[in-house]
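Chemist: What follows is a structure written as structure tokens; I'll ask about it next.
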Amino acid sequence: MIINITSTQLSDSNKALINAVFDANLDAVLNTDNEAASNTDVKKDHATDSPPIIIFSGDGVFAQSSIAALLAKRKALSKKAEASPSKTMLFAVKADLALRGACVVNNVSIINYREFAELASRHQQWVTL
């Protein structure tokens, strides 16, 4: 799933949605790990192969620090999240960063519009906030 953040501020309901997406993905990852440990002969195609992706575009490039803080808080509060490697992928569109004079935050990769389109073509589920 791609969460495309285009606004500078996120509402509490937007943050709740992001938390729910990451909770669902984390539960799926942990369940997949348990299944793999108990049944190594069965190979399945799981949705967890594609972790949630957050893309900051437009005015959303200013929301990077609030999302980074939200994800850090989640990790600090969740023992399951701490035990599981983070698969969160954060991206910011280079042209939008430059146009708005915003700086990229740690753990956020810079992409161009072509790379944005490539990500979009690989993910059927989208949410724009």
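Chains: A, B, ... in order of the structure tokens. Residues: from 1 per chain. Ligands: from 1, in order shown.
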So which residues touch Gln64 (chain A) within 9 Å, counting only C-alpha atoms, skipping near sequence neighbours fewer than 6 positions away, as a PDB file with N, CA and C atoms, in the first residue's frame?
Modeler:
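Generated output (around13.pdb):
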ATOM      1  N   THR A   8       0.403  19.495   4.634  1.00  0.00           N
ATOM      2  CA  THR A   8       1.447  19.816   5.610  1.00  0.00           C
ATOM      3  C   THR A   8       1.145  19.253   6.995  1.00  0.00           C
ATOM      4  N   PHE A  56       6.038  11.457   0.382  1.00  0.00           N
ATOM      5  CA  PHE A  56       5.752  12.861   0.665  1.00  0.00           C
ATOM      6  C   PHE A  56       5.850  13.625  -0.648  1.00  0.00           C
ATOM      7  N   LEU A  90      10.131   5.191   3.278  1.00  0.00           N
ATOM      8  CA  LEU A  90       9.727   6.592   3.206  1.00  0.00           C
ATOM      9  C   LEU A  90      10.422   7.263   2.031  1.00  0.00           C
ATOM     10  N   ALA A  92      10.475  11.004  -0.540  1.00  0.00           N
ATOM     11  CA  ALA A  92      10.049  12.379  -0.803  1.00  0.00           C
ATOM     12  C   ALA A  92      10.412  12.707  -2.247  1.00  0.00           C
ATOM     13  N   VAL A 104      15.265  17.196   3.460  1.00  0.00           N
ATOM     14  CA  VAL A 104      14.880  15.800   3.644  1.00  0.00           C
ATOM     15  C   VAL A 104      15.246  15.359   5.057  1.00  0.00           C
ATOM     16  N   VAL A 105      14.360  14.599   5.672  1.00  0.00           N
ATOM     17  CA  VAL A 105      14.545  14.108   7.029  1.00  0.00           C
ATOM     18  C   VAL A 105      15.253  12.751   6.969  1.00  0.00           C
ATOM     19  N   VAL A 108      14.507   9.106   4.964  1.00  0.00           N
ATOM     20  CA  VAL A 108      13.627   9.390   3.832  1.00  0.00           C
ATOM     21  C   VAL A 108      14.492   9.413   2.574  1.00  0.00           C
TER      22      VAL A 108
END
Chemist: Mind giving me the straight-line distance from CA of Asn4 (chain A) to CA of Ala95 (chain A) in Å, one decimal?
Modeler: 15.3 Å
Chemist: Could you list, as a list in words, every residue within 8 Å of Asp59 (chain A), counting only C-alpha atoms and ignoring same-chain residues fewer than 5 positions away?
Modeler: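 Here the answer would be Thr6, Ser7, Thr8, Asp96 and Arg100 of chain A.
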Chemist: Compare A:Glu118, A:Phe91, A:Asn106, A:Asn14 by their minimum atom-to-atom distance to Ala72 (chain A), counting only C-alpha atoms, and give me the closest one.
Modeler: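 Result for the nearest residue to Ala72 (chain A): A:Asn106.
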